[in-house]
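Let me begin by presenting the structure, written as structure tokens, before commenting on it.
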Amino acid sequence: MIKRKRISFKKIKKLLDPDFINKFFNKRYKRYYKKAKGCRFLGIKKIKRFAGGKSISASYFLKLKIGKEEKIKIINGRARQRLFTDENNPRRYYLVLKHLYTKNFSHEVPRPLDYQKPYNLLLYEEVEGEALQQKLMRGEISFVLSFIPKIVFWLRKLHQKNLLKGRLAALEGSNRILLRDKKVEAKEMRHAFFLTNKFYPQGTRSVKKVVEKLNKLRQKKKNWFLEKENYALCHYDVHFGNFLTSDRQLKVIDFSDACFYDPLVDLACFLVQTESMLEYYQRKKAKIILPRIKNKIINLYFKRQPTRREIFRLKYFEIRRLISMFTNLIFVEGEEKNKKLMLDDFKKKISLRFKQIEGTL
């Protein structure tokens, strides 16, 4: 068992000190930008969206002199006190970006700059573009849906087996990229129970029944699940908020949960998140367009009729994602009546997926 090592939070907080950061980048900017001849530190913007344990997330603004031009570069930094964690692990995040950046993904993912072990700090270049979720919020639904083929193509590219050829053994492990297995799945469900018990005890029984039924189905059809050698590199948080567009080019961000796993977990996540976001931002249109959109996503991904095993696993992973989404929503929702509505919607969606699973048995 890995000892949960920690870095002093006092040390990590230095990453928000302008004087310290000024010296930090002046020592290293030539390593990150070889053609740069001068660096001027402009400031720090703290980002609060990075959660989980004692951590720092910030954007650093630099003005670099490259040739006769001066360019402003935004560098994002993520540091965490805990060194070894399953998710939001800066070192794993860095390894994923570095791996992809050298495997023909350099135009689609953030450029990794550095991992600083003394601060458990990841540094990567800011990606230009606007999230598709923002466009969906503004009602630009046609524009967002026009990117579905590009998103599915990107997932197929990410999941290709030769991406990991000769690299799986080097990249997996407790200190590297996460290999999801039954232990990690069980840990996720324990966390779901914890959140439900603490923030909406009325939903605990429902979540428990779903997990128990899901575990029985997995045990019954355990030979339908992939062996480790058939796993792929997965993003594990596929939704419109993590896809950006710039000049109609697709950019992908937030690899903090990336892992080796069954690739259908990404497809399931995209299906469930697309359903959720369309229902939230485009409720009137969702009922009409969702069936067509889901079929389009599935057809584009498989390019053939999926097998019974694939449908079974896809629905299995959709249910797991719905559990995580429900428990995370009740964590942030304060109104009891809204939690009740969320539970009713959760049970309805889960029931439909179990019926679809039964059709494969």
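By order of appearance in the structure tokens: chains A, B, ..., then residues from 1 within every chain, and ligands from 1 in the order shown.
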
Open item on the list: Which residues are near region 292-301 of chain A? Cut-off 8 Å, only C-alpha atoms, ignore same chain within fewer than 2 positions. Put them as JSON, numbers by chain.
Closed with: {"A": [148, 149, 152, 153, 156, 267, 271, 289, 290, 303, 304, 305]}

TODO: Find the residues near region 225-239 of chain A: any atom within 7 Å, counting only C-alpha atoms, skip ones fewer than 6 places away on the same chain, and give them as a list in words.
DONE: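 In the requested format, the answer is Leu158, His159, Lys161, Phe255, Asp257, Ala258, Cys259, Phe260, Tyr261, Asp262, Pro263, Val265, Asp266, Cys269, Phe270, Gln273 and Thr274 of chain A.
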
Task: Within 8 Å of Gly129 (chain A) using only C-alpha atoms, minus same-chain residues under 6 positions, as a PyMOL selection string - done: chain A and resi 244-246+251

Include N, CA and C atoms and write out the residues we just selected as a PDB file, in the first residue's frame.
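The new file out_33.pdb reads:
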ATOM      1  N   LEU A 244     -13.147  22.786 -26.615  1.00  0.00           N
ATOM      2  CA  LEU A 244     -13.088  24.189 -26.991  1.00  0.00           C
ATOM      3  C   LEU A 244     -13.019  24.314 -28.511  1.00  0.00           C
ATOM      4  N   THR A 245     -13.470  25.450 -29.008  1.00  0.00           N
ATOM      5  CA  THR A 245     -13.363  25.711 -30.435  1.00  0.00           C
ATOM      6  C   THR A 245     -12.656  27.035 -30.666  1.00  0.00           C
ATOM      7  N   SER A 246     -11.740  27.015 -31.620  1.00  0.00           N
ATOM      8  CA  SER A 246     -11.034  28.215 -32.042  1.00  0.00           C
ATOM      9  C   SER A 246     -10.866  28.119 -33.553  1.00  0.00           C
ATOM     10  N   LYS A 251     -10.385  21.745 -29.726  1.00  0.00           N
ATOM     11  CA  LYS A 251      -9.342  21.657 -28.706  1.00  0.00           C
ATOM     12  C   LYS A 251      -9.919  20.891 -27.511  1.00  0.00           C
TER      13      LYS A 251
END

Task: Nearest-residue call for His191 (chain A), choices A:Ile323, A:Ile56, A:Leu95, A:Leu314, using only C-alpha atoms - done: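 Among the listed residues, the smallest separation from His191 (chain A) belongs to A:Ile323.
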
Task: Contacts of Lys73 (chain A) at 7 Å (only C-alpha atoms; same-chain gap of 2+ positions) as a list in words - done: Phe61, Leu62, Lys63, Lys71 and Ile75 of chain A

Task: Who sits within 10 Å of region 209-220 of chain A, only C-alpha atoms, same chain under 3 positions skipped, as a ChimeraX atom specification - done: /A:186,189,192-193,204-206,223-225,312-313,316-317,319-320,323,347,350-351,354,357-358,361

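Proximity ranking of A:Glu69, A:Asp344, A:Glu275, A:Glu125 relative to Lys35 (chain A) places A:Glu69 first, based on only C-alpha atoms.
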
When you look at region 247-249 of chain A with a cut-off of 12 Å (counting only C-alpha atoms), what residues show up, excluding the ones that are within fewer than 2 positions of it in the same chain? I need them as a PDB file with C-alpha atoms, in the first residue's frame.
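out.pdb was written with the following content:
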ATOM      1  CA  HIS A 107      -2.783  20.722 -32.209  1.00  0.00           C
ATOM      2  CA  GLU A 108      -5.604  19.493 -29.976  1.00  0.00           C
ATOM      3  CA  VAL A 109      -4.317  19.330 -26.400  1.00  0.00           C
ATOM      4  CA  VAL A 127      -5.441  26.730 -24.784  1.00  0.00           C
ATOM      5  CA  GLU A 128      -7.118  29.427 -26.841  1.00  0.00           C
ATOM      6  CA  GLY A 129     -10.795  28.966 -27.595  1.00  0.00           C
ATOM      7  CA  GLU A 130     -14.299  28.945 -26.143  1.00  0.00           C
ATOM      8  CA  ALA A 131     -15.959  25.933 -24.558  1.00  0.00           C
ATOM      9  CA  LEU A 132     -18.835  24.409 -26.517  1.00  0.00           C
ATOM     10  CA  PHE A 143     -23.079  25.144 -33.898  1.00  0.00           C
ATOM     11  CA  VAL A 144     -22.440  22.834 -30.934  1.00  0.00           C
ATOM     12  CA  SER A 146     -22.011  20.371 -35.716  1.00  0.00           C
ATOM     13  CA  PHE A 147     -18.932  19.465 -33.625  1.00  0.00           C
ATOM     14  CA  LYS A 150     -15.202  15.949 -34.673  1.00  0.00           C
ATOM     15  CA  ILE A 151     -15.568  14.937 -31.009  1.00  0.00           C
ATOM     16  CA  TRP A 154     -11.148  12.563 -31.643  1.00  0.00           C
ATOM     17  CA  PHE A 243     -14.126  20.768 -25.759  1.00  0.00           C
ATOM     18  CA  LEU A 244     -13.088  24.189 -26.991  1.00  0.00           C
ATOM     19  CA  THR A 245     -13.363  25.711 -30.435  1.00  0.00           C
ATOM     20  CA  LYS A 251      -9.342  21.657 -28.706  1.00  0.00           C
ATOM     21  CA  VAL A 252      -9.534  19.305 -25.710  1.00  0.00           C
TER      22      VAL A 252
END
